[in-house]
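**Student:** Quick one, entry.txt (compact mmCIF, C-alpha atoms):
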# COMPACT_ATOMS: atom_id res chain seq x y z
CA MET A 300 -55.44 2.08 94.57
CA ALA A 301 -54.52 2.95 91.01
CA LEU A 302 -54.75 -0.08 88.75
CA ARG A 303 -52.03 -0.66 86.19
CA ARG A 304 -53.11 0.16 82.66
CA SER A 305 -53.01 -2.59 80.09
CA TYR A 306 -53.75 -2.91 76.39
CA THR A 307 -54.02 -5.72 73.89
CA ALA A 308 -53.14 -4.95 70.28
CA ILE A 309 -53.89 -7.46 67.54
CA VAL A 310 -50.71 -6.83 65.59
CA GLU A 311 -51.44 -9.53 62.99
CA ARG A 312 -54.87 -10.97 62.19
CA ASN A 313 -55.41 -13.74 59.67
CA ALA A 314 -51.93 -13.11 58.31
CA ARG A 315 -50.22 -15.92 56.37
CA TRP A 316 -46.51 -16.33 57.01
CA GLN A 317 -44.15 -18.14 54.63
CA GLY A 318 -40.38 -17.69 54.34
CA ASP A 319 -39.16 -14.53 56.09
CA PHE A 320 -41.80 -12.89 58.28
CA ALA A 321 -42.12 -10.11 60.84
CA SER A 322 -45.08 -8.68 62.70
CA GLU A 323 -45.82 -4.99 62.16
CA PRO A 324 -43.85 -2.73 64.53
CA TYR A 325 -45.70 -1.70 67.67
CA GLU A 326 -44.72 1.30 69.77
CA ALA A 327 -45.10 0.67 73.49
CA ALA A 328 -42.59 2.67 75.51
CA TRP A 329 -45.29 3.20 78.14
CA ALA A 330 -45.41 -0.51 79.00
CA SER A 331 -43.00 -2.31 81.27
CA GLU A 332 -44.03 -5.83 80.35
CA ALA A 333 -45.33 -7.52 77.23
CA ILE A 334 -46.35 -10.91 75.94
CA PHE A 335 -46.80 -11.88 72.31
CA PHE A 336 -49.42 -14.62 72.02
CA VAL A 337 -49.39 -16.38 68.64
CA ARG A 338 -52.51 -18.38 67.82
CA ALA A 339 -52.45 -20.55 64.73
CA LEU A 340 -55.57 -20.28 62.60
CA GLU A 341 -54.23 -22.68 60.01
CA VAL A 342 -50.96 -24.55 59.54
CA SER A 343 -49.43 -26.52 56.71
CA ASP A 344 -48.96 -30.29 57.10
CA ALA A 345 -46.21 -31.27 59.55
CA PHE A 346 -45.59 -27.59 60.31
CA THR A 347 -42.50 -26.56 62.23
CA GLY A 348 -41.30 -23.01 62.74
CA SER A 349 -40.07 -20.54 65.30
CA ALA A 350 -39.88 -16.80 65.92
CA ARG A 351 -37.92 -14.49 68.15
CA LEU A 352 -38.53 -11.18 69.82
CA GLN A 353 -36.94 -8.09 68.34
CA ILE A 354 -36.62 -4.65 69.91
CA SER A 355 -35.94 -1.26 68.39
CA ALA A 356 -35.27 2.35 69.36
CA ASP A 357 -36.96 3.79 66.26
CA GLY A 358 -39.30 1.14 64.85
CA MET A 359 -37.07 0.66 61.80
CA HIS A 360 -33.78 -0.87 62.98
CA TRP A 361 -34.15 -4.12 64.91
CA ALA A 362 -32.06 -6.15 67.32
CA ASP A 363 -32.74 -9.72 68.43
CA GLU A 364 -33.69 -10.17 72.07
CA GLY A 365 -33.57 -13.64 73.63
CA GLY A 366 -33.92 -16.98 71.94
CA TYR A 367 -36.39 -18.53 69.55
CA PHE A 368 -39.78 -19.83 70.63
CA ALA A 369 -41.74 -22.45 68.72
CA LEU A 370 -44.71 -21.31 66.69
CA PRO A 371 -47.89 -23.32 67.32
CA ALA A 372 -48.02 -26.45 65.19
CA ALA A 373 -51.79 -27.03 65.11
CA ALA A 374 -54.85 -24.91 64.42
CA ASP A 375 -55.99 -23.03 67.55
CA ALA A 376 -52.83 -23.91 69.46
CA VAL A 377 -51.08 -20.97 71.12
CA SER A 378 -47.48 -20.17 71.92
CA PHE A 379 -45.97 -17.03 73.41
CA CYS A 380 -42.88 -15.07 74.32
CA ARG A 381 -42.40 -12.57 77.14
CA ALA A 382 -40.54 -9.27 77.21
CA ARG A 383 -39.47 -6.80 79.90
CA HIS A 384 -37.16 -3.80 79.77
CA PHE A 385 -37.53 -3.46 76.02
CA GLY A 386 -37.44 0.26 75.27
CA GLY A 387 -39.70 1.65 72.56
CA TRP A 388 -40.74 -0.79 69.83
CA LEU A 389 -41.54 -4.50 69.68
CA ARG A 390 -42.09 -7.12 67.02
CA ILE A 391 -41.53 -10.83 66.45
CA ALA A 392 -39.71 -12.13 63.40
CA GLY A 393 -38.27 -15.27 61.90
CA ALA A 394 -37.89 -17.39 58.79
CA LEU A 395 -39.87 -20.51 57.91
CA ALA A 396 -38.22 -23.36 56.05
CA PRO A 397 -39.58 -24.17 52.58
CA GLY A 398 -42.88 -26.05 52.68
CA ASN A 399 -43.98 -24.49 55.97
CA ALA A 400 -46.79 -21.94 56.19
CA ILE A 401 -48.90 -20.67 59.06
CA THR A 402 -51.86 -18.31 59.30
CA VAL A 403 -51.72 -16.44 62.59
CA LEU A 404 -53.51 -14.16 64.97
CA VAL A 405 -50.88 -12.33 67.05
CA SER A 406 -51.96 -10.55 70.22
CA LEU A 407 -49.53 -8.23 71.94
CA VAL A 408 -50.59 -7.87 75.58
CA LEU A 409 -49.00 -4.89 77.32
CA LYS A 410 -49.04 -3.73 80.91
CA GLU A 411 -47.67 -0.69 82.72
CA MET B 273 -56.53 36.41 85.53
CA THR B 274 -58.67 34.32 83.22
CA VAL B 275 -55.64 32.93 81.45
CA ILE B 276 -53.83 32.16 84.68
CA SER B 277 -56.79 30.38 86.25
CA ALA B 278 -57.70 28.38 83.13
CA ASP B 279 -56.99 24.68 82.86
CA PRO B 280 -54.34 24.72 80.11
CA ARG B 281 -55.47 21.33 78.87
CA LEU B 282 -59.01 22.59 78.21
CA SER B 283 -58.52 26.29 77.50
CA ARG B 284 -57.25 25.43 73.99
CA PHE B 285 -60.72 24.02 73.08
CA ASP B 286 -64.07 25.73 72.39
CA PRO B 287 -66.55 23.08 73.53
CA LEU B 288 -70.32 23.26 73.33
CA ARG B 289 -72.35 23.24 76.57
CA ARG B 290 -71.37 19.81 77.88
CA ILE B 291 -68.49 17.43 77.28
CA TYR B 292 -69.14 13.84 76.15
CA PHE B 293 -65.48 12.96 76.54
CA TYR B 294 -62.09 14.59 76.75
CA ASP B 295 -59.29 12.16 75.92
CA ASP B 296 -55.71 13.06 76.67
CA PHE B 297 -53.59 10.13 75.55
CA ASP B 298 -51.12 10.64 78.36
CA ASP B 299 -53.83 8.90 80.36
CA GLY B 300 -54.05 5.81 78.12
CA MET B 301 -56.01 4.63 75.11
CA ASN B 302 -59.35 6.01 76.38
CA GLY B 303 -61.47 3.56 74.42
CA TRP B 304 -60.00 4.11 70.95
CA SER B 305 -59.77 0.73 69.27
CA GLU B 306 -59.08 -0.81 65.89
CA LEU B 307 -61.89 -0.77 63.34
CA ILE B 308 -62.79 -4.14 61.86
CA GLY B 309 -65.28 -5.20 59.21
CA ASN B 310 -68.24 -7.48 59.90
CA TYR B 311 -67.72 -11.23 59.53
CA GLU B 312 -69.54 -14.49 60.01
CA ARG B 313 -67.99 -17.87 60.94
CA SER B 314 -64.58 -16.99 59.48
CA LEU B 315 -62.41 -13.89 59.27
CA ASP B 316 -62.13 -14.74 55.58
CA SER B 317 -65.76 -13.63 55.13
CA MET B 318 -64.83 -10.00 55.83
CA LEU B 319 -64.68 -7.47 53.01
CA PRO B 320 -60.95 -7.44 52.17
CA GLU B 321 -60.67 -3.67 52.63
CA TYR B 322 -61.53 -4.09 56.32
CA ALA B 323 -59.22 -7.00 57.01
CA ASP B 324 -56.22 -5.08 58.30
CA MET B 325 -56.98 -1.61 59.67
CA ARG B 326 -54.19 -1.79 62.26
CA PRO B 327 -54.35 -1.35 66.04
CA PRO B 328 -53.74 2.15 67.42
CA MET B 329 -50.81 2.68 69.77
CA LEU B 330 -49.51 5.21 72.25
CA SER B 331 -46.54 7.01 70.77
CA ALA B 332 -43.87 9.14 72.42
CA GLN B 333 -42.88 10.32 68.93
CA SER B 334 -39.36 9.00 69.31
CA MET B 335 -37.31 9.81 66.22
CA TRP B 336 -34.17 8.04 65.05
CA ASP B 337 -32.25 11.32 64.73
CA THR B 338 -33.47 13.53 67.55
CA GLY B 339 -35.03 11.21 70.12
CA THR B 340 -38.37 11.83 71.76
CA ALA B 341 -40.55 14.76 70.71
CA GLY B 342 -43.45 13.79 72.98
CA SER B 343 -46.95 15.10 72.38
CA MET B 344 -48.35 18.62 72.27
CA GLN B 345 -48.94 18.47 75.99
CA GLY B 346 -47.18 15.61 77.75
CA THR B 347 -45.44 12.54 76.37
CA TYR B 348 -47.95 10.28 74.60
CA SER B 349 -50.29 10.67 71.67
CA LEU B 350 -52.60 8.18 69.96
CA LYS B 351 -50.84 6.92 66.84
CA LEU B 352 -52.41 5.33 63.77
CA ALA B 353 -49.87 3.52 61.58
CA SER B 354 -50.67 2.04 58.19
CA ARG B 355 -48.79 -0.82 56.61
CA ALA B 356 -46.04 0.07 54.16
CA ARG B 357 -48.18 -0.58 51.08
CA ALA B 358 -49.64 2.20 48.89
CA GLY B 359 -53.33 2.66 49.66
CA ALA B 360 -53.15 0.92 53.05
CA LEU B 361 -55.27 2.44 55.83
CA ALA B 362 -55.09 2.58 59.59
CA THR B 363 -58.36 3.40 61.32
CA SER B 364 -59.31 3.87 64.96
CA ILE B 365 -62.82 4.25 66.36
CA LYS B 366 -64.57 5.17 69.61
CA ARG B 367 -68.14 3.95 70.03
CA LEU B 368 -70.81 5.79 72.05
CA THR B 369 -74.52 6.43 71.96
CA PHE B 370 -76.25 9.78 72.44
CA ARG B 371 -79.16 10.66 74.70
CA ARG B 372 -80.42 13.77 72.93
CA ARG B 373 -80.42 14.77 69.29
CA GLY B 374 -78.64 18.11 69.58
CA ARG B 375 -75.51 19.60 68.06
CA ILE B 376 -72.23 17.84 68.59
CA GLN B 377 -68.71 19.10 68.04
CA LEU B 378 -65.46 17.19 67.82
CA GLU B 379 -62.19 19.01 68.45
CA CYS B 380 -58.69 17.60 68.39
CA TYR B 381 -55.02 18.42 68.05
CA PHE B 382 -53.37 16.23 65.43
CA THR B 383 -50.33 15.80 63.26
CA PHE B 384 -49.32 13.39 60.49
CA LYS B 385 -46.14 12.18 58.85
CA PRO B 386 -44.72 9.29 56.84
CA GLU B 387 -42.32 6.90 58.53
CA ALA B 388 -38.85 8.49 58.52
CA SER B 389 -37.36 5.58 56.59
CA GLU B 390 -35.72 7.77 53.94
CA LEU B 391 -33.53 10.83 54.33
CA ARG B 392 -35.69 13.03 52.16
CA LEU B 393 -38.61 15.44 52.51
CA SER B 394 -41.30 12.78 51.76
CA LEU B 395 -43.98 15.44 51.33
CA HIS B 396 -46.13 13.27 49.01
CA ASP B 397 -45.95 10.08 51.03
CA VAL B 398 -49.11 10.43 53.13
CA ARG B 399 -52.12 10.31 50.81
CA ALA B 400 -54.86 11.41 53.19
CA PHE B 401 -56.21 11.46 56.70
CA GLY B 402 -59.73 12.03 57.89
CA ILE B 403 -62.44 11.89 60.49
CA LEU B 404 -65.92 10.43 60.26
CA PHE B 405 -69.03 10.12 62.37
CA ASP B 406 -71.26 7.04 62.14
CA LEU B 407 -74.69 8.05 63.43
CA GLN B 408 -78.20 6.69 63.62
CA ASP B 409 -81.42 8.27 64.88
CA GLY B 410 -82.75 7.04 68.22
CA MET B 411 -86.41 6.18 68.80
CA ASN B 412 -88.30 5.35 65.59
CA PRO B 413 -85.16 5.80 63.50
CA GLU B 414 -85.33 6.79 59.86
CA TYR B 415 -81.68 7.02 58.90
CA ARG B 416 -78.14 5.98 59.57
CA TRP B 417 -75.85 8.73 58.34
CA MET B 418 -72.11 9.15 58.10
CA PRO B 419 -70.41 12.54 57.73
CA HIS B 420 -66.87 12.07 56.38
CA LEU B 421 -64.20 14.76 56.21
CA ARG B 422 -60.78 14.09 54.76
CA TYR B 423 -57.66 16.04 53.95
CA LEU B 424 -56.29 14.79 50.66
CA ASN B 425 -52.62 15.61 51.03
CA ALA B 426 -51.31 14.02 47.84
CA SER B 427 -52.47 11.85 44.97
CA GLY B 428 -49.78 9.99 43.08
CA ASP B 429 -46.96 12.45 42.45
CA SER B 430 -49.16 15.53 42.89
CA MET B 431 -49.80 17.55 46.01
CA VAL B 432 -53.52 18.26 46.45
CA ASN B 433 -53.95 19.84 49.93
CA ARG B 434 -57.75 19.88 49.71
CA TRP B 435 -60.48 19.17 52.24
CA GLN B 436 -63.10 16.80 50.89
CA MET B 437 -66.49 15.31 51.86
CA LYS B 438 -68.26 12.15 50.76
CA GLY B 439 -71.91 11.88 49.77
CA ALA B 440 -72.17 8.25 48.65
CA THR B 441 -70.80 4.87 49.61
CA ARG B 442 -70.58 1.47 47.94
CA ALA B 443 -73.47 -0.98 47.87
CA PHE B 444 -73.93 -3.26 50.86
CA SER B 445 -72.61 -6.81 50.57
CA LYS B 446 -74.06 -9.83 52.32
CA ILE B 447 -71.58 -11.41 54.73
CA GLY B 448 -71.82 -15.13 55.44
CA ASP B 449 -74.96 -17.17 54.87
CA SER B 450 -77.23 -16.47 57.87
CA GLY B 451 -78.83 -13.37 56.37
CA GLU B 452 -78.05 -11.45 59.56
CA THR B 453 -74.85 -9.69 58.55
CA VAL B 454 -74.06 -7.07 55.92
CA SER B 455 -71.11 -4.76 55.32
CA HIS B 456 -70.14 -1.82 53.16
CA PHE B 457 -66.77 -0.16 52.69
CA HIS B 458 -67.05 3.61 52.94
CA LEU B 459 -63.38 4.68 52.87
CA GLY B 460 -62.66 3.83 49.25
CA ALA B 461 -61.24 6.27 46.70
CA GLU B 462 -64.62 6.92 45.05
CA ASN B 463 -67.21 9.68 45.59
CA TRP B 464 -65.03 12.26 47.33
CA GLU B 465 -65.96 15.85 46.51
CA ASP B 466 -63.87 18.98 47.07
CA ILE B 467 -65.31 21.30 49.69
CA ASP B 468 -65.70 24.87 48.44
CA LEU B 469 -62.50 26.18 49.96
CA PRO B 470 -59.05 27.00 48.63
CA PRO B 471 -56.28 24.44 49.15
CA GLN B 472 -54.81 24.53 52.65
CA THR B 473 -51.13 23.78 53.03
CA LEU B 474 -50.58 22.42 56.52
CA ALA B 475 -47.24 22.97 58.21
CA TYR B 476 -45.37 19.82 57.27
CA ASN B 477 -41.96 21.15 58.26
CA GLU B 478 -38.73 20.37 56.52
CA ILE B 479 -37.74 16.79 57.26
CA ALA B 480 -39.68 13.65 58.11
CA THR B 481 -38.87 13.76 61.84
CA LYS B 482 -40.25 17.26 62.57
CA MET B 483 -43.92 17.49 63.40
CA ASN B 484 -46.19 20.43 64.16
CA TRP B 485 -49.56 20.06 65.91
CA HIS B 486 -52.74 21.28 64.23
CA TYR B 487 -56.23 22.13 65.49
CA LEU B 488 -59.36 20.60 63.94
CA ARG B 489 -63.02 21.19 64.81
CA VAL B 490 -65.98 19.42 63.15
CA SER B 491 -69.63 20.33 63.79
CA VAL B 492 -72.74 18.22 63.21
CA ASP B 493 -76.41 18.66 64.12
CA LEU B 494 -78.02 15.35 65.06
CA ALA B 495 -81.57 16.76 65.11
CA ALA B 496 -81.39 18.35 61.67
CA ARG B 497 -79.10 15.60 60.33
CA SER B 498 -76.81 18.34 59.10
CA PHE B 499 -73.05 18.32 58.62
CA LEU B 500 -72.52 21.95 59.56
CA GLY B 501 -68.87 22.68 58.92
CA PHE B 502 -65.35 22.51 60.23
CA GLN B 503 -62.25 24.47 61.11
CA CYS B 504 -58.61 23.51 60.66
CA ASN B 505 -56.22 26.04 62.15
CA ASP B 506 -57.17 29.38 60.57
CA LEU B 507 -59.31 27.89 57.79
CA VAL B 508 -63.03 27.93 58.68
CA TYR B 509 -65.87 26.45 56.63
CA GLU B 510 -69.33 27.78 57.55
CA GLY B 511 -71.02 27.58 54.12
CA ALA B 512 -73.84 25.36 52.93
CA PRO B 513 -74.09 22.09 54.89
CA LEU B 514 -71.67 19.46 53.67
CA SER B 515 -72.61 16.22 51.88
CA TYR B 516 -72.73 12.99 53.82
CA ILE B 517 -73.54 9.32 53.32
CA LYS B 518 -77.14 8.44 54.23
CA MET B 519 -78.99 5.11 54.28
CA PRO B 520 -82.15 3.65 55.82
CA ALA B 521 -81.82 2.94 59.54
CA MET B 522 -80.40 -0.46 60.43
CA PRO B 523 -81.92 -2.81 63.01
CA ASN B 524 -79.46 -2.55 65.89
CA LEU B 525 -77.74 0.83 65.74
CA ASN B 526 -80.15 3.25 67.43
CA CYS B 527 -78.59 6.38 68.99
CA MET B 528 -75.20 5.36 67.63
CA LEU B 529 -72.53 8.04 68.01
CA ASN B 530 -69.26 6.68 66.67
CA THR B 531 -66.20 8.73 65.83
CA ALA B 532 -63.32 7.39 63.77
CA PHE B 533 -60.04 8.71 62.40
CA TRP B 534 -58.02 7.22 59.59
CA VAL B 535 -54.80 7.70 57.65
CA GLU B 536 -53.92 6.38 54.20
CA THR B 537 -50.46 6.00 52.72
CA ASN B 538 -49.61 7.10 49.19
CA ARG B 539 -46.48 4.97 48.78
CA ASP B 540 -45.07 1.68 49.98
CA LYS B 541 -44.16 3.39 53.23
CA ARG B 542 -46.02 3.56 56.56
CA ALA B 543 -48.16 6.66 57.14
CA PHE B 544 -48.65 7.90 60.69
CA PHE B 545 -51.41 10.06 62.17
CA TYR B 546 -51.16 11.29 65.76
CA LEU B 547 -53.75 12.71 68.13
CA ASP B 548 -52.58 14.64 71.18
CA SER B 549 -56.10 14.92 72.55
CA VAL B 550 -59.74 14.71 71.44
CA LEU B 551 -62.76 16.46 72.89
CA LEU B 552 -66.37 15.70 71.93
CA SER B 553 -68.94 18.15 73.25
CA GLY B 554 -72.62 18.63 72.61
CA GLU B 555 -76.02 19.99 73.48
CA PHE B 556 -77.53 17.42 75.77
Take the structure from the file and write it as structure tokens.
**Tutor:**
Amino acid sequence: MALRRSYTAIVERNARWQGDFASEPYEAAWASEAIFFVRALEVSDAFTGSARLQISADGMHWADEGGYFALPAAADAVSFCRARHFGGWLRIAGALAPGNAITVLVSLVLKE
Amino acid sequence: MTVISADPRLSRFDPLRRIYFYDDFDDGMNGWSELIGNYERSLDSMLPEYADMRPPMLSAQSMWDTGTAGSMQGTYSLKLASRARAGALATSIKRLTFRRRGRIQLECYFTFKPEASELRLSLHDVRAFGILFDLQDGMNPEYRWMPHLRYLNASGDSMVNRWQMKGATRAFSKIGDSGETVSHFHLGAENWEDIDLPPQTLAYNEIATKMNWHYLRVSVDLAARSFLGFQCNDLVYEGAPLSYIKMPAMPNLNCMLNTAFWVETNRDKRAFFYLDSVLLSGEF
């Protein structure tokens, strides 16, 4: 039995997000399913924030896919969003309200 | 008859006696991972140059204007993508050990390009790409040594098109407070030397979404600790051995045989480096 290939890319590591943010584009046309896991390494006091999945045909022009998901509000907490049938490129993006900041480790887990 | 019976995937290589690995990226990532610096207790302890060397990906080379180009043979290639910040690097590494100190030879088919985010030639936008080995002797080791080969495409507003080697690295830094961890950054701008060859202009093609594949071969002798030479397309270097970085052996790296590729951007624009396939062969 052939096992399905999978790959985890750390698309952001120890990155600090304030204001507008987006993860680096990741090309994954080979995969049929994906999950972005966002782990907070550090958050500002009373942090609130959210992100949404974006998809792209060329890695440069982005369209929103689905709704927002909450970013983790405490250090070492994790949140995620799932994607299927997404085409070529993936990223997550959003905008944090003034006074909010988060340092993240973002793992993109892909599977054939 | 020979041509017809040959495996077309392998007949384009000239391997030594045995093959360590042959990676066709239509089959997956094949063990190529992101390079990261050493750290202790916190990621903040890492040398800043190593903090963000970007994960490799499998690319179908899909362009905004012409759709998918695919790879040299098949659909997918390994893609290194820097951030869109001048001087940013993307680096991918495969980690092995060797069992005999003989010659080794790395061959690959590669191409490179800036992100096609502007409708212009963008010839200067990739600063450099390169390949390195990170090696250490086996039993009773004397040295760790690191042959580096890079193609300096452009520097600032000038095209350079030169192959270069590196004979010295920065001093080691202590990482953390346990005394167990050190780190040194060896991909900085310093200490590169031109190899005694004329400039080589690689086929860049005429717009940012057209890519041509190139052949590269790099030869090293583990027994003699000699960086023997290289070939890129029809340019062959077989002169005096090339300079490399050398340091006393480290405690936990015996028989190390690591290969890494990197790409560096020259502007605030992503630089991409693609590998169709990589073959490491040797005498063992």
**Student:** Choose the residue, out of B:Asn505, B:Thr537, B:Ser549, B:Ser450, that has the smallest atom-to-atom separation from Arg357 in chain B; count all atoms listed in the file.
**Tutor:**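 Of all the options, B:Thr537 lies closest to Arg357 in chain B.
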**Student:** Please return, as a VMD selection string, all residues of chain A lying within 10 Å of chain B when only C-alpha atoms are considered.
**Tutor:** chain A and resid 304 to 314 323 to 330 340 356 to 360 387 to 388
**Student:** Give me, as a list in words, all polymer residues having an atom no more than 8 Å from range 453-463 of chain B, counting only C-alpha atoms and skipping those fewer than 5 positions away in the same chain.
**Tutor:**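 Surrounding residues, per the criterion: Gly309, Asn310, Tyr311, Glu312, Leu319, Glu321, Tyr322, Lys438, Gly439, Ala440, Thr441, Arg442, Ala443, Phe444, Ser445, Lys446, Ile447 and Gly448 of chain B.
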**Student:** So, counting all atoms listed in the file, which residue among B:Phe297, B:Tyr415, B:Phe384, B:Phe533 is closest to Gly346 in chain B?
**Tutor:** B:Phe297
**Student:** Near Phe320 in chain A, within 7 Å and counting only C-alpha atoms, which residues show up once chain neighbours fewer than 2 positions away are dropped, as a ChimeraX atom specification?
**Tutor:** /A:316-318,322,392-394
**Student:** For Gln436 in chain B, list every protein, DNA or RNA residue within 9 Å, evaluated using all atoms listed in the file, and leave out those in the same chain fewer than 4 positions away; present the list as an NGL selection string.
**Tutor:** :B and (420-424 or 464-468)
